[in-house]
Amino acid sequence: MSPSFTTAMPTIGSSLIALPLLMVALLASEPATSLEYNLDKHQFELGFRPRVAYVEGEEDARAASLLLRLDVRSHWRDDLSTLLEVDTVALGWEDEFSNGENFNGKPVIPDVGGIDLNQALVRYSASNRLQLSIGREAVNLGNERFVGTNSFWQNEQTLDMAGFNVDFASASNVSYRYVANANRISGDAAGKYLSPSDSNFEQNNGLRPAQFLGNHNHNTHLLFAEFKEWDYSRLQAYYLNIDIEEASALSNEALGLRYEFKGRLHKLRSLAHAEYAFQERPKTNKGNLIHYYNIGAGFGYQSSEISLNIETLGEKYGTSFVTPLASLHDFNGWSDQFLITPKGGLRDYSMQYIWRKNPWKIDTRYHKFKADDNSTSYGREFDVDLSMNISGDSTLLLRYADFIADDDNYADERRIFLMYIYNL
């Protein structure tokens, strides 16, 4: 069991309704100096993110939250450094949304309150190319499709681990981590047993569903290599042996390869990627390999960029490809309909258009979701991000997701997020 640093937070309640006004005030007066302080070999940084969220569907929900993060980086010697990161999250409108820690019949917006030791890491540089690390770390591998922090939410997913990183050739590296525990976004207070007041207490016999547990004990090995020896190409290879005690059905062993290309011819930019992985889920479908494909390409000109993508999380004999340590919100639509891959697998056909003109960026996406086993249509989704880069550390973001269901197992739903991000 990992050490617990979660305490009850005072409820801000209706005062957080003023969050949009706070965002406007921050826009009108950009911080004159960075919230950063150096003391000899110690660097202190403060980041924060106020956010309001709305859900409209079969049930409506709204949430308000404020994340404060203190980051302390210390260099004790040339070869020894530490990282300490403490998060505090305060909530408003707590009775108007479920968050995985508490359920009240409202849709889930997985932001939980409390104080959390987000990272506590010791790094030792044995040489210029070899670095050893142990502790609690925010781990993002590649594009975070298989391992990531899910950092869109106020409480990140971090890993209690020990491992190493080796740099080789001119710009390549390989890393290994042994993971003993995953500190999940639902927080340490989301223990095995539900409160009798929870809306799904009887339905789940008083036990919290495994996907909402705040901690997953692991016996997991993560091996990841990245080769960056070419001007326009990048190659990634990974072997993931994920063994989860509390959610053994999601345990899996995966091996994969990803290739990325980014080129330029005068003002025309081109991009493409191809990824393939196969996975065995020994607790549910031993001896059968389940396949994953991700293929995409696009081009950009001046401020515009357009791309097409097909991602398939396959299915074999009623068991689908899963990615339980991923940054799940970042994939398959921002309405979070497919955090757990359906039993019939998932095909995500998507088109993305991005427009950039400093300080603005518009990111629009259209998804068509189908089952992998029989091409049943699950639904469609339109997503859009509107962001304004106020400075190098500050961003204002409006995110909208609209899911339209084609299958009776899903329902139409719209989600809106408005947030100000500083130094995160």
# chains A, B, ... in the order shown; residues from 1 in each chain; ligands from 1
call {"tool": "residues_around", "arguments": {"residues": "Thr158 in chain A", "least_positions_apart": "6", "cutoff": "12 Å", "atoms": "only C-alpha atoms", "output": "PyMOL selection string"}}
result
chain A and resi 2+85+116-121+135-140+147-151+179-188+214-216+325-327
call {"tool": "residues_around", "arguments": {"residues": "range 286-301 of chain A", "least_positions_apart": "2", "cutoff": "7 Å", "atoms": "only C-alpha atoms", "output": "ChimeraX atom specification"}}
result
/A:267-284,303-316,320-321
call {"tool": "closest_residue", "arguments": {"among": "A:Ala225, A:Val86, A:Ile115, A:Ala189", "to": "Val166 in chain A", "atoms": "only C-alpha atoms"}}
result
A:Ala225
call {"tool": "select_by_dssp", "arguments": {"residues": "range 129-253 of chain A", "states": "strand (DSSP E or B)", "output": "MDAnalysis selection string"}}
result
chainID A and resid 130:137 147 158:168 172:183 193 207 215:227 233:242 244 252:253
call {"tool": "atom_distance", "arguments": {"atom1": "CA of Ser199 in chain A", "atom2": "CA of Asn104 in chain A"}}
result
4.9 Å
call {"tool": "closest_residue", "arguments": {"among": "A:Ala210, A:Leu68, A:Ile390, A:Ala53", "to": "Glu94 in chain A", "atoms": "only C-alpha atoms"}}
result
A:Ala53
call {"tool": "closest_residue", "arguments": {"among": "A:Ser391, A:Gln337, A:Ser375, A:Asn38", "to": "Asn358 in chain A", "atoms": "only C-alpha atoms"}}
result
A:Ser391
call {"tool": "closest_atom_pairs", "arguments": {"of": "range 123-229 of chain A", "to": "range 79-82 of chain A", "cutoff": "10 Å", "atoms": "only C-alpha atoms", "output": "JSON lines"}}
result
{"residue": "A:Arg123", "atom": "CA", "partner": "A:Ser81", "partner_atom": "CA", "distance": 5.3}
{"residue": "A:Tyr124", "atom": "CA", "partner": "A:Leu80", "partner_atom": "CA", "distance": 4.7}
{"residue": "A:Ser125", "atom": "CA", "partner": "A:Asp79", "partner_atom": "CA", "distance": 4.7}
{"residue": "A:Ala126", "atom": "CA", "partner": "A:Asp79", "partner_atom": "CA", "distance": 6.8}
{"residue": "A:Ser127", "atom": "CA", "partner": "A:Asp79", "partner_atom": "CA", "distance": 8.0}
{"residue": "A:Asn128", "atom": "CA", "partner": "A:Asp79", "partner_atom": "CA", "distance": 9.1}
{"residue": "A:Gln131", "atom": "CA", "partner": "A:Asp79", "partner_atom": "CA", "distance": 8.9}
{"residue": "A:Leu132", "atom": "CA", "partner": "A:Leu80", "partner_atom": "CA", "distance": 9.7}
{"residue": "A:Ser133", "atom": "CA", "partner": "A:Thr82", "partner_atom": "CA", "distance": 9.4}
{"residue": "A:Ile134", "atom": "CA", "partner": "A:Thr82", "partner_atom": "CA", "distance": 9.8}
{"residue": "A:Gly135", "atom": "CA", "partner": "A:Thr82", "partner_atom": "CA", "distance": 9.7}
call {"tool": "atom_distance", "arguments": {"atom1": "CA of Ser65 in chain A", "atom2": "CA of Arg51 in chain A"}}
result
5.4 Å
call {"tool": "closest_atom_pairs", "arguments": {"of": "range 37-77 of chain A", "to": "range 418-423 of chain A", "cutoff": "8 Å", "atoms": "only C-alpha atoms", "output": "tab-separated table"}}
result
residue	atom	partner	partner_atom	distance
A:Leu46	CA	A:Asn423	CA	7.1
A:Gly47	CA	A:Asn423	CA	4.7
A:Phe48	CA	A:Tyr422	CA	5.4
A:Arg49	CA	A:Ile421	CA	4.7
A:Pro50	CA	A:Met419	CA	5.7
A:Arg51	CA	A:Met419	CA	4.2
A:Val52	CA	A:Leu418	CA	5.4
A:Ala53	CA	A:Leu418	CA	6.5
call {"tool": "atom_distance", "arguments": {"atom1": "CA of Thr364 in chain A", "atom2": "CA of Gln352 in chain A"}}
result
5.7 Å
call {"tool": "residues_around", "arguments": {"residues": "Tyr400 in chain A", "least_positions_apart": "6", "cutoff": "6 Å", "atoms": "only C-alpha atoms", "output": "list in words"}}
result
Asp383, Val384, Arg415 and Ile416 of chain A
call {"tool": "closest_residue", "arguments": {"among": "A:Glu246, A:Asp348, A:Glu58, A:Glu45", "to": "Leu207 in chain A", "atoms": "only C-alpha atoms"}}
result
A:Glu246
call {"tool": "residues_around", "arguments": {"residues": "Phe227 in chain A", "least_positions_apart": "2", "cutoff": "7 Å", "atoms": "only C-alpha atoms", "output": "MDAnalysis selection string"}}
result
chainID A and resid 172:173 225 229 234:236
call {"tool": "residues_around", "arguments": {"residues": "Arg208 in chain A", "least_positions_apart": "3", "cutoff": "6 Å", "atoms": "only C-alpha atoms", "output": "VMD selection string"}}
result
chain A and resid 192 to 194
call {"tool": "write_last_selection", "arguments": {"atoms": "C-alpha atoms", "output": "mmCIF file, in the first residue's frame"}}
result
data_model
loop_
_atom_site.group_PDB
_atom_site.id
_atom_site.type_symbol
_atom_site.label_atom_id
_atom_site.label_comp_id
_atom_site.auth_asym_id
_atom_site.auth_seq_id
_atom_site.Cartn_x
_atom_site.Cartn_y
_atom_site.Cartn_z
ATOM 1 C CA LYS A 192 -12.133 -0.433 -1.571
ATOM 2 C CA TYR A 193 -15.456 0.338 0.110
ATOM 3 C CA LEU A 194 -18.109 2.807 -0.990
#
call {"tool": "closest_residue", "arguments": {"among": "A:Ser98, A:Asn217, A:Ser74, A:Asn332", "to": "Arg145 in chain A", "atoms": "only C-alpha atoms"}}
result
A:Asn332
